[in-house]
$ cat run_33.txt   # compact mmCIF, C-alpha atoms (C1' of nucleotides)
# COMPACT_ATOMS: atom_id res chain seq x y z
CA MET J 1 -2.55 -4.56 14.50
CA SER J 2 -4.69 -7.12 16.26
CA SER J 3 -6.53 -6.17 19.39
CA GLU J 4 -4.14 -8.57 21.11
CA VAL J 5 -0.61 -7.24 21.25
CA PRO J 6 1.56 -9.95 19.69
CA THR J 7 4.40 -11.33 21.76
CA LEU J 8 6.56 -11.46 18.68
CA THR J 9 6.78 -8.42 16.48
CA LEU J 10 6.59 -8.86 12.76
CA THR J 11 10.26 -7.98 12.46
CA ALA J 12 11.24 -10.53 15.11
CA ILE J 13 9.26 -13.25 13.36
CA TYR J 14 10.97 -12.37 10.10
CA GLU J 15 14.37 -12.62 11.74
CA ARG J 16 13.52 -16.02 13.23
CA LEU J 17 12.35 -17.34 9.89
CA LEU J 18 15.43 -15.98 8.13
CA GLU J 19 17.69 -17.53 10.71
CA ALA J 20 15.92 -20.87 10.39
CA TYR J 21 15.76 -21.14 6.61
CA GLY J 22 18.20 -18.60 5.21
CA PRO J 23 17.52 -16.37 2.19
CA GLN J 24 15.04 -17.90 -0.26
CA ASN J 25 16.07 -15.62 -3.12
CA TRP J 26 12.68 -15.47 -4.77
CA TRP J 27 11.44 -15.30 -7.50
CA PRO J 28 13.04 -18.18 -9.46
CA ALA J 29 12.96 -16.85 -13.03
CA GLU J 30 15.25 -15.60 -15.79
CA THR J 31 13.17 -12.61 -16.90
CA ARG J 32 10.58 -10.21 -15.53
CA PHE J 33 7.97 -11.68 -17.82
CA GLU J 34 8.74 -15.19 -16.63
CA VAL J 35 7.96 -13.98 -13.11
CA MET J 36 4.60 -12.63 -14.29
CA VAL J 37 3.76 -15.87 -16.08
CA GLY J 38 4.76 -17.88 -13.03
CA ALA J 39 2.58 -15.69 -10.81
CA ILE J 40 -0.46 -16.65 -12.87
CA LEU J 41 0.42 -20.31 -13.34
CA THR J 42 1.02 -20.84 -9.64
CA GLN J 43 -2.49 -19.78 -8.67
CA SER J 44 -3.72 -22.55 -6.41
CA THR J 45 -1.07 -24.81 -7.85
CA ALA J 46 2.12 -26.43 -6.57
CA TRP J 47 5.27 -24.84 -7.97
CA THR J 48 6.57 -28.15 -9.28
CA ASN J 49 3.64 -28.22 -11.70
CA VAL J 50 4.33 -24.62 -12.70
CA GLU J 51 7.95 -25.47 -13.52
CA MET J 52 6.81 -28.10 -16.00
CA ALA J 53 4.48 -25.64 -17.72
CA ILE J 54 7.13 -22.91 -17.90
CA ASP J 55 9.59 -25.41 -19.28
CA ASN J 56 7.09 -26.23 -22.03
CA LEU J 57 6.74 -22.53 -22.87
CA LYS J 58 10.52 -22.15 -23.05
CA LYS J 59 10.94 -25.17 -25.29
CA ALA J 60 8.27 -23.76 -27.58
CA SER J 61 10.15 -20.42 -27.55
CA ILE J 62 7.04 -18.44 -26.67
CA LEU J 63 7.87 -17.25 -23.16
CA SER J 64 7.53 -13.59 -24.12
CA PRO J 65 4.54 -11.24 -24.47
CA PHE J 66 4.80 -11.43 -28.26
CA GLY J 67 5.16 -15.19 -28.15
CA LEU J 68 2.04 -15.65 -26.03
CA ARG J 69 0.05 -13.30 -28.23
CA SER J 70 1.18 -15.13 -31.37
CA ILE J 71 0.24 -18.64 -30.34
CA SER J 72 -3.33 -19.98 -30.45
CA LEU J 73 -5.30 -20.33 -27.26
CA GLY J 74 -5.65 -24.06 -27.78
CA ILE J 75 -1.94 -24.72 -28.19
CA LEU J 76 -1.13 -22.46 -25.26
CA ALA J 77 -3.55 -24.44 -23.10
CA LYS J 78 -1.78 -27.67 -24.04
CA LEU J 79 1.60 -26.19 -23.14
CA VAL J 80 0.48 -25.06 -19.67
CA TYR J 81 -1.46 -28.28 -19.11
CA PRO J 82 0.78 -29.56 -16.27
CA SER J 83 -0.03 -26.53 -14.13
CA GLY J 84 -3.73 -27.41 -13.98
CA TYR J 85 -6.71 -25.19 -14.85
CA TYR J 86 -5.03 -25.07 -18.23
CA ASN J 87 -7.91 -23.58 -20.22
CA ALA J 88 -8.47 -20.83 -17.67
CA LYS J 89 -4.77 -20.09 -17.30
CA ALA J 90 -4.22 -19.92 -21.05
CA LYS J 91 -6.83 -17.15 -21.23
CA LYS J 92 -5.22 -15.35 -18.31
CA LEU J 93 -1.78 -15.48 -19.93
CA LYS J 94 -3.26 -14.09 -23.15
CA ALA J 95 -4.81 -11.25 -21.18
CA LEU J 96 -1.49 -10.47 -19.46
CA ALA J 97 0.43 -10.49 -22.73
CA GLY J 98 -2.19 -8.27 -24.32
CA TYR J 99 -2.03 -5.75 -21.51
CA VAL J 100 1.78 -5.56 -21.55
CA GLY J 101 1.74 -5.04 -25.30
CA GLU J 102 -1.05 -2.50 -25.52
CA ARG J 103 -0.07 -0.48 -22.47
CA PHE J 104 3.74 -0.65 -22.57
CA ASN J 105 4.65 -1.98 -25.99
CA ASP J 106 6.29 -4.92 -24.21
CA ASP J 107 8.76 -2.52 -22.56
CA PHE J 108 9.24 -3.67 -18.96
CA ASN J 109 11.48 -0.76 -18.11
CA MET J 110 8.63 1.54 -19.07
CA MET J 111 6.28 -0.58 -17.01
CA ARG J 112 8.59 -0.55 -14.02
CA ILE J 113 8.77 3.23 -13.70
CA GLN J 114 5.00 3.64 -13.54
CA ASP J 115 3.36 4.72 -10.30
CA THR J 116 2.80 1.66 -8.12
CA PHE J 117 -0.78 2.51 -7.17
CA ILE J 118 -1.83 3.14 -10.76
CA LEU J 119 -0.02 0.05 -11.98
CA ARG J 120 -1.72 -2.08 -9.35
CA SER J 121 -5.12 -0.74 -10.32
CA GLU J 122 -4.45 -1.53 -13.96
CA LEU J 123 -3.21 -5.04 -13.20
CA LEU J 124 -6.40 -5.75 -11.25
CA GLU J 125 -8.36 -4.89 -14.38
CA VAL J 126 -6.55 -7.62 -16.33
CA HIS J 127 -8.49 -10.88 -16.48
CA GLY J 128 -7.05 -13.44 -14.11
CA ILE J 129 -5.06 -11.03 -11.97
CA GLY J 130 -6.35 -10.53 -8.43
CA ASP J 131 -4.79 -8.93 -5.37
CA GLU J 132 -2.18 -11.58 -4.67
CA THR J 133 -1.08 -12.06 -8.26
CA ALA J 134 -0.91 -8.30 -8.84
CA ASP J 135 1.28 -7.83 -5.79
CA ALA J 136 3.53 -10.76 -6.70
CA ILE J 137 4.06 -9.17 -10.11
CA LEU J 138 4.70 -5.73 -8.62
CA LEU J 139 7.16 -7.04 -6.07
CA TYR J 140 9.05 -9.81 -7.80
CA ALA J 141 8.84 -8.72 -11.45
CA LEU J 142 8.83 -4.95 -11.11
CA ASP J 143 10.78 -4.34 -7.87
CA LYS J 144 7.95 -2.46 -6.18
CA PRO J 145 7.92 -2.52 -2.34
CA VAL J 146 4.52 -4.16 -1.81
CA PHE J 147 3.78 -7.04 0.55
CA VAL J 148 2.17 -10.18 -0.86
CA ILE J 149 -0.59 -11.70 1.27
CA ASP J 150 -1.52 -15.30 0.62
CA ALA J 151 -3.44 -18.07 2.35
CA PHE J 152 -0.29 -19.19 4.20
CA THR J 153 0.26 -15.72 5.59
CA ARG J 154 -3.28 -15.47 6.91
CA ARG J 155 -3.15 -18.97 8.38
CA ILE J 156 0.20 -18.60 10.12
CA PHE J 157 -0.35 -15.14 11.55
CA ASN J 158 -3.89 -15.91 12.65
CA ARG J 159 -2.45 -18.73 14.70
CA LEU J 160 0.04 -16.32 16.18
CA GLY J 161 -2.82 -14.07 17.19
CA ILE J 162 -1.74 -11.42 14.73
CA LYS J 163 -4.50 -10.27 12.44
CA PRO J 164 -6.16 -7.01 11.52
CA ASP J 165 -9.64 -6.24 12.82
CA ASN J 166 -10.80 -6.10 9.25
CA GLU J 167 -9.55 -9.35 7.69
CA SER J 168 -9.56 -8.11 4.13
CA TYR J 169 -6.56 -8.49 1.84
CA VAL J 170 -5.68 -4.80 2.08
CA ALA J 171 -5.99 -4.85 5.87
CA TYR J 172 -3.48 -7.69 6.12
CA GLN J 173 -1.22 -5.88 3.73
CA LYS J 174 -1.31 -2.69 5.78
CA LEU J 175 -0.53 -4.71 8.87
CA PHE J 176 2.78 -5.79 7.38
CA THR J 177 3.72 -2.65 5.48
CA GLY J 178 2.89 -0.58 8.54
CA HIS J 179 5.25 -2.50 10.81
CA LEU J 180 8.19 -3.23 8.52
CA LEU J 181 10.88 -1.26 6.77
CA GLN J 182 9.65 -0.34 3.28
CA ASP J 183 12.18 -2.53 1.54
CA LYS J 184 11.39 -4.72 -1.46
CA GLU J 185 14.16 -7.12 -0.46
CA ILE J 186 12.64 -7.65 2.96
CA PHE J 187 9.10 -7.91 1.60
CA GLY J 188 10.18 -10.42 -1.00
CA GLU J 189 12.18 -12.50 1.43
CA TYR J 190 9.50 -12.41 4.11
CA HIS J 191 6.79 -13.74 1.82
CA ALA J 192 9.09 -16.45 0.51
CA LEU J 193 10.02 -17.45 4.07
CA ILE J 194 6.35 -17.68 5.04
CA VAL J 195 5.73 -20.05 2.15
CA ARG J 196 8.82 -22.07 3.07
CA HIS J 197 7.74 -22.26 6.70
CA ALA J 198 4.23 -23.35 5.74
CA LYS J 199 5.58 -26.14 3.56
CA GLU J 200 8.16 -27.35 6.04
CA VAL J 201 6.30 -26.99 9.30
CA CYS J 202 2.69 -25.82 9.19
CA ASN J 203 1.58 -28.45 6.71
CA LYS J 204 3.09 -31.31 8.69
CA LEU J 205 1.27 -31.98 11.91
CA PRO J 206 4.12 -33.40 14.05
CA LYS J 207 6.48 -30.62 12.99
CA CYS J 208 3.82 -28.01 13.49
CA ARG J 209 3.51 -28.93 17.14
CA GLN J 210 7.25 -28.55 17.59
CA CYS J 211 7.48 -25.32 15.61
CA PHE J 212 9.94 -22.71 16.84
CA LEU J 213 7.06 -20.24 16.80
CA VAL J 214 4.88 -22.66 18.78
CA ASN J 215 4.88 -20.61 21.96
CA GLN J 216 3.11 -17.89 20.06
CA CYS J 217 0.96 -20.26 18.03
CA SER J 218 -2.45 -20.04 19.65
CA THR J 219 -4.56 -22.53 17.73
CA GLY J 220 -2.26 -25.11 16.23
CA ARG J 221 -3.05 -26.58 12.88
CA ASN J 222 -6.44 -25.77 11.48
CA ASN J 223 -6.20 -27.33 8.05
CA ILE J 224 -5.43 -30.93 8.94
CA ARG J 225 -7.76 -33.07 10.95
CA ASN J 226 -6.38 -34.55 14.14
C1' DG Q 1 -7.87 -42.98 -3.31
C1' DG Q 2 -8.00 -38.60 -1.05
C1' DC Q 3 -5.98 -34.32 0.03
C1' DC Q 4 -3.49 -30.30 -1.06
C1' DA Q 5 -1.06 -26.75 -3.65
C1' DG Q 6 2.71 -19.77 -3.93
C1' DG Q 7 -6.15 -17.80 -6.67
C1' DA Q 8 -9.51 -15.76 -9.46
C1' DC Q 9 -13.85 -15.46 -11.59
C1' DA Q 10 -18.84 -16.16 -12.44
C1' DC Q 11 -23.06 -16.60 -10.51
C1' DC Q 12 -26.64 -16.19 -7.11
C1' DA Q 13 -29.32 -14.65 -3.10
C1' DT K 1 -21.72 -7.67 -0.54
C1' DG K 2 -20.70 -12.23 0.80
C1' DG K 3 -20.96 -17.16 -0.05
C1' DT K 4 -20.42 -21.01 -3.23
C1' DG K 5 -19.16 -23.61 -7.36
C1' DT K 6 -15.83 -24.11 -10.98
C1' DC K 7 -11.48 -24.47 -13.08
C1' DA K 8 -7.63 -29.44 -13.03
C1' DT K 9 -2.92 -31.45 -12.81
C1' DG K 10 0.77 -33.81 -10.20
C1' DG K 11 2.94 -35.22 -5.82
C1' DC K 12 2.54 -37.25 -1.42
$ encode --input "run_33.txt" --output "structure tokens"
Amino acid sequence: MSSEVPTLTLTAIYERLLEAYGPQNWWPAETRFEVMVGAILTQSTAWTNVEMAIDNLKKASILSPFGLRSISLGILAKLVYPSGYYNAKAKKLKALAGYVGERFNDDFNMMRIQDTFILRSELLEVHGIGDETADAILLYALDKPVFVIDAFTRRIFNRLGIKPDNESYVAYQKLFTGHLLQDKEIFGEYHALIVRHAKEVCNKLPKCRQCFLVNQCSTGRNNIRN
DNA sequence: GGCCAGGACACCA
DNA sequence: TGGTGTCATGGC
């Protein structure tokens, strides 16, 4: 925990967010693999763009590990074009599909029962999968109780004066997992609520100043010029 | 027309 | 090991 003792505990903040916005029911997807694909496509990209790309993959009937392995890199890039970084993301999707096939024979039940730590290590070896994407896959696609740390989380909790001494990804993650019930439902909902709160309040200057967490918000907005 | 969005990688000092 | 540039579209 931060050297400063936070006025609001992490659980209390979660309860306030849940009360304000209600359950977010993440991740919006029909299959585990769709969650994984979405986790890659949404890297530094608005979800509305990701939806268009996923819709293209569905219409082309290739939203499966086998489907992504079967299609050419060039065509795949065109299909994910709306999500931006389309050449890079096409390669990443190929890498993901290759890993799932080689390691688990496209069997997500097999994948799901693997040890979380080992699975995370393997995911990080896959091209295009970093800490955040690996944890999003573990949590939302594979039901593993891991907490996803993103830029919103760092920004919001820094303002609240809650941050680990070591501001690495893992340090932030330990901060949350160490102060919350080890429940995948809570972890999944909390991360979704943080994103919702960032979109609705933190990214809009007037609303930010009237935020229901404002009493604990030490610095105000730091990503929009006054 | 500029800024931002549910990051990760390659390269360099 | 840490900092910086690159990848890129769509909505506001």
$ residues_around --input "run_33.txt" --residues "Glu30 (chain J)" --least-positions-apart "6" --cutoff "12 Å" --atoms "all atoms listed in the file" --output "PDB file with C-alpha atoms, in the frame of the given file"
ATOM      1  CA  MET J  36       4.600 -12.630 -14.290  1.00  0.00           C
ATOM      2  CA  VAL J  37       3.760 -15.870 -16.080  1.00  0.00           C
ATOM      3  CA  GLY J  38       4.760 -17.880 -13.030  1.00  0.00           C
ATOM      4  CA  ILE J  54       7.130 -22.910 -17.900  1.00  0.00           C
ATOM      5  CA  ASP J  55       9.590 -25.410 -19.280  1.00  0.00           C
ATOM      6  CA  LYS J  58      10.520 -22.150 -23.050  1.00  0.00           C
ATOM      7  CA  LEU J  63       7.870 -17.250 -23.160  1.00  0.00           C
ATOM      8  CA  SER J  64       7.530 -13.590 -24.120  1.00  0.00           C
ATOM      9  CA  TYR J 140       9.050  -9.810  -7.800  1.00  0.00           C
ATOM     10  CA  ALA J 141       8.840  -8.720 -11.450  1.00  0.00           C
TER      11      ALA J 141
END
$ closest_residue --input "run_33.txt" --among "J:His127, J:Lys59, J:Lys184, J:Lys78" --to "chain Q" --atoms "all atoms listed in the file"
J:His127
$ closest_residue --input "run_33.txt" --among "J:Asn203, J:Ser168, J:Gln210, J:Asn109" --to "chain Q" --atoms "all atoms listed in the file"
J:Asn203
$ closest_residue --input "run_33.txt" --among "J:Leu18, J:Ile13, J:Ala192, J:Val80" --to "chain Q" --atoms "all atoms listed in the file"
J:Ala192
$ interface_residues --input "run_33.txt" --of "chain K" --to "chain J" --cutoff "7 Å" --atoms "all atoms listed in the file" --output "JSON, numbers by chain"
{"K": [7, 8, 9, 10]}
$ write_last_selection --input "run_33.txt" --atoms "C-alpha atoms (C1' of nucleotides)" --output "mmCIF file, in the frame of the given file"
data_model
loop_
_atom_site.group_PDB
_atom_site.id
_atom_site.type_symbol
_atom_site.label_atom_id
_atom_site.label_comp_id
_atom_site.auth_asym_id
_atom_site.auth_seq_id
_atom_site.Cartn_x
_atom_site.Cartn_y
_atom_site.Cartn_z
ATOM 1 C "C1'" DC K 7 -11.480 -24.470 -13.080
ATOM 2 C "C1'" DA K 8 -7.630 -29.440 -13.030
ATOM 3 C "C1'" DT K 9 -2.920 -31.450 -12.810
ATOM 4 C "C1'" DG K 10 0.770 -33.810 -10.200
#
$ interface_residues --input "run_33.txt" --of "chain Q" --to "chain J" --cutoff "9 Å" --atoms "all atoms listed in the file" --output "MDAnalysis selection string"
chainID Q and resid 4:9
$ residues_around --input "run_33.txt" --residues "Thr116 (chain J)" --least-positions-apart "6" --cutoff "9 Å" --atoms "all atoms listed in the file" --output "VMD selection string"
chain J and resid 138 144 to 146
$ residues_around --input "run_33.txt" --residues "region 21-25 of chain J" --least-positions-apart "5" --cutoff "9 Å" --atoms "all atoms listed in the file" --output "number ranges by chain"
J: 16, 188-190, 192-193, 196-197
$ atom_distance --input "run_33.txt" --atom1 "CA of Ala60 (chain J)" --atom2 "CA of Leu79 (chain J)"
8.4 Å
$ residues_around --input "run_33.txt" --residues "DA10 (chain Q)" --least-positions-apart "5" --cutoff "12 Å" --atoms "only C-alpha atoms (C1' of nucleotides)" --output "JSON, numbers by chain"
{"K": [4, 5, 6, 7]}
$ atom_distance --input "run_33.txt" --atom1 "CA of Leu96 (chain J)" --atom2 "CA of Arg155 (chain J)"
29.2 Å
$ atom_distance --input "run_33.txt" --atom1 "C1' of DG3 (chain K)" --atom2 "C1' of DG1 (chain Q)"
29.1 Å
$ decode --input "run_33.txt" --residues "region 38-139 of chain J" --atoms "C-alpha atoms" --output "PDB file, in the first residue's frame"
ATOM      1  CA  GLY J  38     -10.740  -8.636 -28.267  1.00  0.00           C
ATOM      2  CA  ALA J  39      -8.005  -8.306 -25.648  1.00  0.00           C
ATOM      3  CA  ILE J  40      -5.422  -7.934 -28.412  1.00  0.00           C
ATOM      4  CA  LEU J  41      -7.507  -5.746 -30.703  1.00  0.00           C
ATOM      5  CA  THR J  42      -8.350  -3.304 -27.929  1.00  0.00           C
ATOM      6  CA  GLN J  43      -4.717  -2.499 -27.208  1.00  0.00           C
ATOM      7  CA  SER J  44      -4.574   1.286 -27.198  1.00  0.00           C
ATOM      8  CA  THR J  45      -7.810   1.338 -29.144  1.00  0.00           C
ATOM      9  CA  ALA J  46     -11.394   2.377 -28.437  1.00  0.00           C
ATOM     10  CA  TRP J  47     -13.761  -0.566 -28.062  1.00  0.00           C
ATOM     11  CA  THR J  48     -16.089   0.748 -30.754  1.00  0.00           C
ATOM     12  CA  ASN J  49     -13.302   0.204 -33.277  1.00  0.00           C
ATOM     13  CA  VAL J  50     -12.684  -3.284 -31.909  1.00  0.00           C
ATOM     14  CA  GLU J  51     -16.348  -4.192 -32.374  1.00  0.00           C
ATOM     15  CA  MET J  52     -16.118  -3.382 -36.065  1.00  0.00           C
ATOM     16  CA  ALA J  53     -13.038  -5.561 -36.482  1.00  0.00           C
ATOM     17  CA  ILE J  54     -14.574  -8.487 -34.580  1.00  0.00           C
ATOM     18  CA  ASP J  55     -17.714  -8.155 -36.648  1.00  0.00           C
ATOM     19  CA  ASN J  56     -15.579  -8.456 -39.781  1.00  0.00           C
ATOM     20  CA  LEU J  57     -13.950 -11.623 -38.418  1.00  0.00           C
ATOM     21  CA  LYS J  58     -17.362 -13.117 -37.640  1.00  0.00           C
ATOM     22  CA  LYS J  59     -18.744 -12.323 -41.068  1.00  0.00           C
ATOM     23  CA  ALA J  60     -15.691 -13.970 -42.605  1.00  0.00           C
ATOM     24  CA  SER J  61     -16.297 -16.990 -40.332  1.00  0.00           C
ATOM     25  CA  ILE J  62     -12.722 -17.033 -39.083  1.00  0.00           C
ATOM     26  CA  LEU J  63     -13.180 -16.069 -35.434  1.00  0.00           C
ATOM     27  CA  SER J  64     -11.566 -19.276 -34.198  1.00  0.00           C
ATOM     28  CA  PRO J  65      -7.949 -20.366 -33.698  1.00  0.00           C
ATOM     29  CA  PHE J  66      -8.155 -22.562 -36.792  1.00  0.00           C
ATOM     30  CA  GLY J  67      -9.795 -19.795 -38.777  1.00  0.00           C
ATOM     31  CA  LEU J  68      -7.087 -17.274 -37.920  1.00  0.00           C
ATOM     32  CA  ARG J  69      -4.348 -19.766 -38.726  1.00  0.00           C
ATOM     33  CA  SER J  70      -5.954 -20.606 -42.064  1.00  0.00           C
ATOM     34  CA  ILE J  71      -6.312 -17.092 -43.413  1.00  0.00           C
ATOM     35  CA  SER J  72      -3.433 -15.117 -44.929  1.00  0.00           C
ATOM     36  CA  LEU J  73      -1.784 -12.372 -42.936  1.00  0.00           C
ATOM     37  CA  GLY J  74      -2.737  -9.798 -45.545  1.00  0.00           C
ATOM     38  CA  ILE J  75      -6.430 -10.631 -45.546  1.00  0.00           C
ATOM     39  CA  LEU J  76      -6.480 -10.803 -41.765  1.00  0.00           C
ATOM     40  CA  ALA J  77      -4.956  -7.331 -41.619  1.00  0.00           C
ATOM     41  CA  LYS J  78      -7.710  -5.995 -43.866  1.00  0.00           C
ATOM     42  CA  LEU J  79     -10.392  -7.552 -41.674  1.00  0.00           C
ATOM     43  CA  VAL J  80      -9.036  -5.996 -38.465  1.00  0.00           C
ATOM     44  CA  TYR J  81      -8.350  -2.684 -40.208  1.00  0.00           C
ATOM     45  CA  PRO J  82     -10.968  -0.689 -38.235  1.00  0.00           C
ATOM     46  CA  SER J  83      -9.215  -1.437 -34.949  1.00  0.00           C
ATOM     47  CA  GLY J  84      -6.054   0.386 -36.027  1.00  0.00           C
ATOM     48  CA  TYR J  85      -2.464  -0.917 -36.014  1.00  0.00           C
ATOM     49  CA  TYR J  86      -3.911  -3.514 -38.346  1.00  0.00           C
ATOM     50  CA  ASN J  87      -0.644  -4.971 -39.633  1.00  0.00           C
ATOM     51  CA  ALA J  88       0.769  -5.348 -36.133  1.00  0.00           C
ATOM     52  CA  LYS J  89      -2.457  -6.756 -34.723  1.00  0.00           C
ATOM     53  CA  ALA J  90      -2.820  -9.287 -37.524  1.00  0.00           C
ATOM     54  CA  LYS J  91       0.596 -10.700 -36.584  1.00  0.00           C
ATOM     55  CA  LYS J  92      -0.373 -10.766 -32.925  1.00  0.00           C
ATOM     56  CA  LEU J  93      -3.595 -12.647 -33.652  1.00  0.00           C
ATOM     57  CA  LYS J  94      -1.652 -15.171 -35.721  1.00  0.00           C
ATOM     58  CA  ALA J  95       0.738 -15.668 -32.816  1.00  0.00           C
ATOM     59  CA  LEU J  96      -2.147 -16.189 -30.377  1.00  0.00           C
ATOM     60  CA  ALA J  97      -3.879 -18.688 -32.650  1.00  0.00           C
ATOM     61  CA  GLY J  98      -0.605 -20.530 -33.145  1.00  0.00           C
ATOM     62  CA  TYR J  99       0.036 -20.778 -29.432  1.00  0.00           C
ATOM     63  CA  VAL J 100      -3.462 -22.055 -28.648  1.00  0.00           C
ATOM     64  CA  GLY J 101      -3.154 -24.672 -31.362  1.00  0.00           C
ATOM     65  CA  GLU J 102       0.351 -25.888 -30.622  1.00  0.00           C
ATOM     66  CA  ARG J 103       0.047 -25.865 -26.847  1.00  0.00           C
ATOM     67  CA  PHE J 104      -3.585 -26.902 -26.306  1.00  0.00           C
ATOM     68  CA  ASN J 105      -4.803 -28.227 -29.634  1.00  0.00           C
ATOM     69  CA  ASP J 106      -7.406 -25.437 -29.570  1.00  0.00           C
ATOM     70  CA  ASP J 107      -8.935 -26.963 -26.422  1.00  0.00           C
ATOM     71  CA  PHE J 108      -9.875 -24.097 -24.107  1.00  0.00           C
ATOM     72  CA  ASN J 109     -10.993 -26.422 -21.348  1.00  0.00           C
ATOM     73  CA  MET J 110      -7.498 -27.876 -21.349  1.00  0.00           C
ATOM     74  CA  MET J 111      -6.082 -24.372 -21.335  1.00  0.00           C
ATOM     75  CA  ARG J 112      -8.316 -23.285 -18.488  1.00  0.00           C
ATOM     76  CA  ILE J 113      -7.185 -25.973 -16.050  1.00  0.00           C
ATOM     77  CA  GLN J 114      -3.518 -25.081 -16.399  1.00  0.00           C
ATOM     78  CA  ASP J 115      -1.689 -23.471 -13.496  1.00  0.00           C
ATOM     79  CA  THR J 116      -2.273 -19.722 -13.596  1.00  0.00           C
ATOM     80  CA  PHE J 117       1.352 -18.745 -13.019  1.00  0.00           C
ATOM     81  CA  ILE J 118       2.652 -21.052 -15.729  1.00  0.00           C
ATOM     82  CA  LEU J 119      -0.092 -19.999 -18.128  1.00  0.00           C
ATOM     83  CA  ARG J 120       0.703 -16.342 -17.554  1.00  0.00           C
ATOM     84  CA  SER J 121       4.379 -16.937 -18.203  1.00  0.00           C
ATOM     85  CA  GLU J 122       3.569 -18.713 -21.442  1.00  0.00           C
ATOM     86  CA  LEU J 123       1.178 -16.001 -22.592  1.00  0.00           C
ATOM     87  CA  LEU J 124       3.868 -13.376 -22.034  1.00  0.00           C
ATOM     88  CA  GLU J 125       6.089 -15.314 -24.424  1.00  0.00           C
ATOM     89  CA  VAL J 126       3.500 -14.967 -27.191  1.00  0.00           C
ATOM     90  CA  HIS J 127       4.194 -12.055 -29.530  1.00  0.00           C
ATOM     91  CA  GLY J 128       1.896  -9.153 -28.810  1.00  0.00           C
ATOM     92  CA  ILE J 129       0.809 -10.251 -25.355  1.00  0.00           C
ATOM     93  CA  GLY J 130       2.102  -8.131 -22.482  1.00  0.00           C
ATOM     94  CA  ASP J 131       1.107  -7.954 -18.823  1.00  0.00           C
ATOM     95  CA  GLU J 132      -2.274  -6.323 -19.283  1.00  0.00           C
ATOM     96  CA  THR J 133      -3.375  -8.425 -22.225  1.00  0.00           C
ATOM     97  CA  ALA J 134      -2.224 -11.633 -20.523  1.00  0.00           C
ATOM     98  CA  ASP J 135      -4.195 -10.804 -17.402  1.00  0.00           C
ATOM     99  CA  ALA J 136      -7.289  -9.809 -19.373  1.00  0.00           C
ATOM    100  CA  ILE J 137      -7.149 -13.191 -21.102  1.00  0.00           C
ATOM    101  CA  LEU J 138      -6.599 -15.055 -17.833  1.00  0.00           C
ATOM    102  CA  LEU J 139      -9.432 -13.269 -16.076  1.00  0.00           C
TER     103      LEU J 139
END
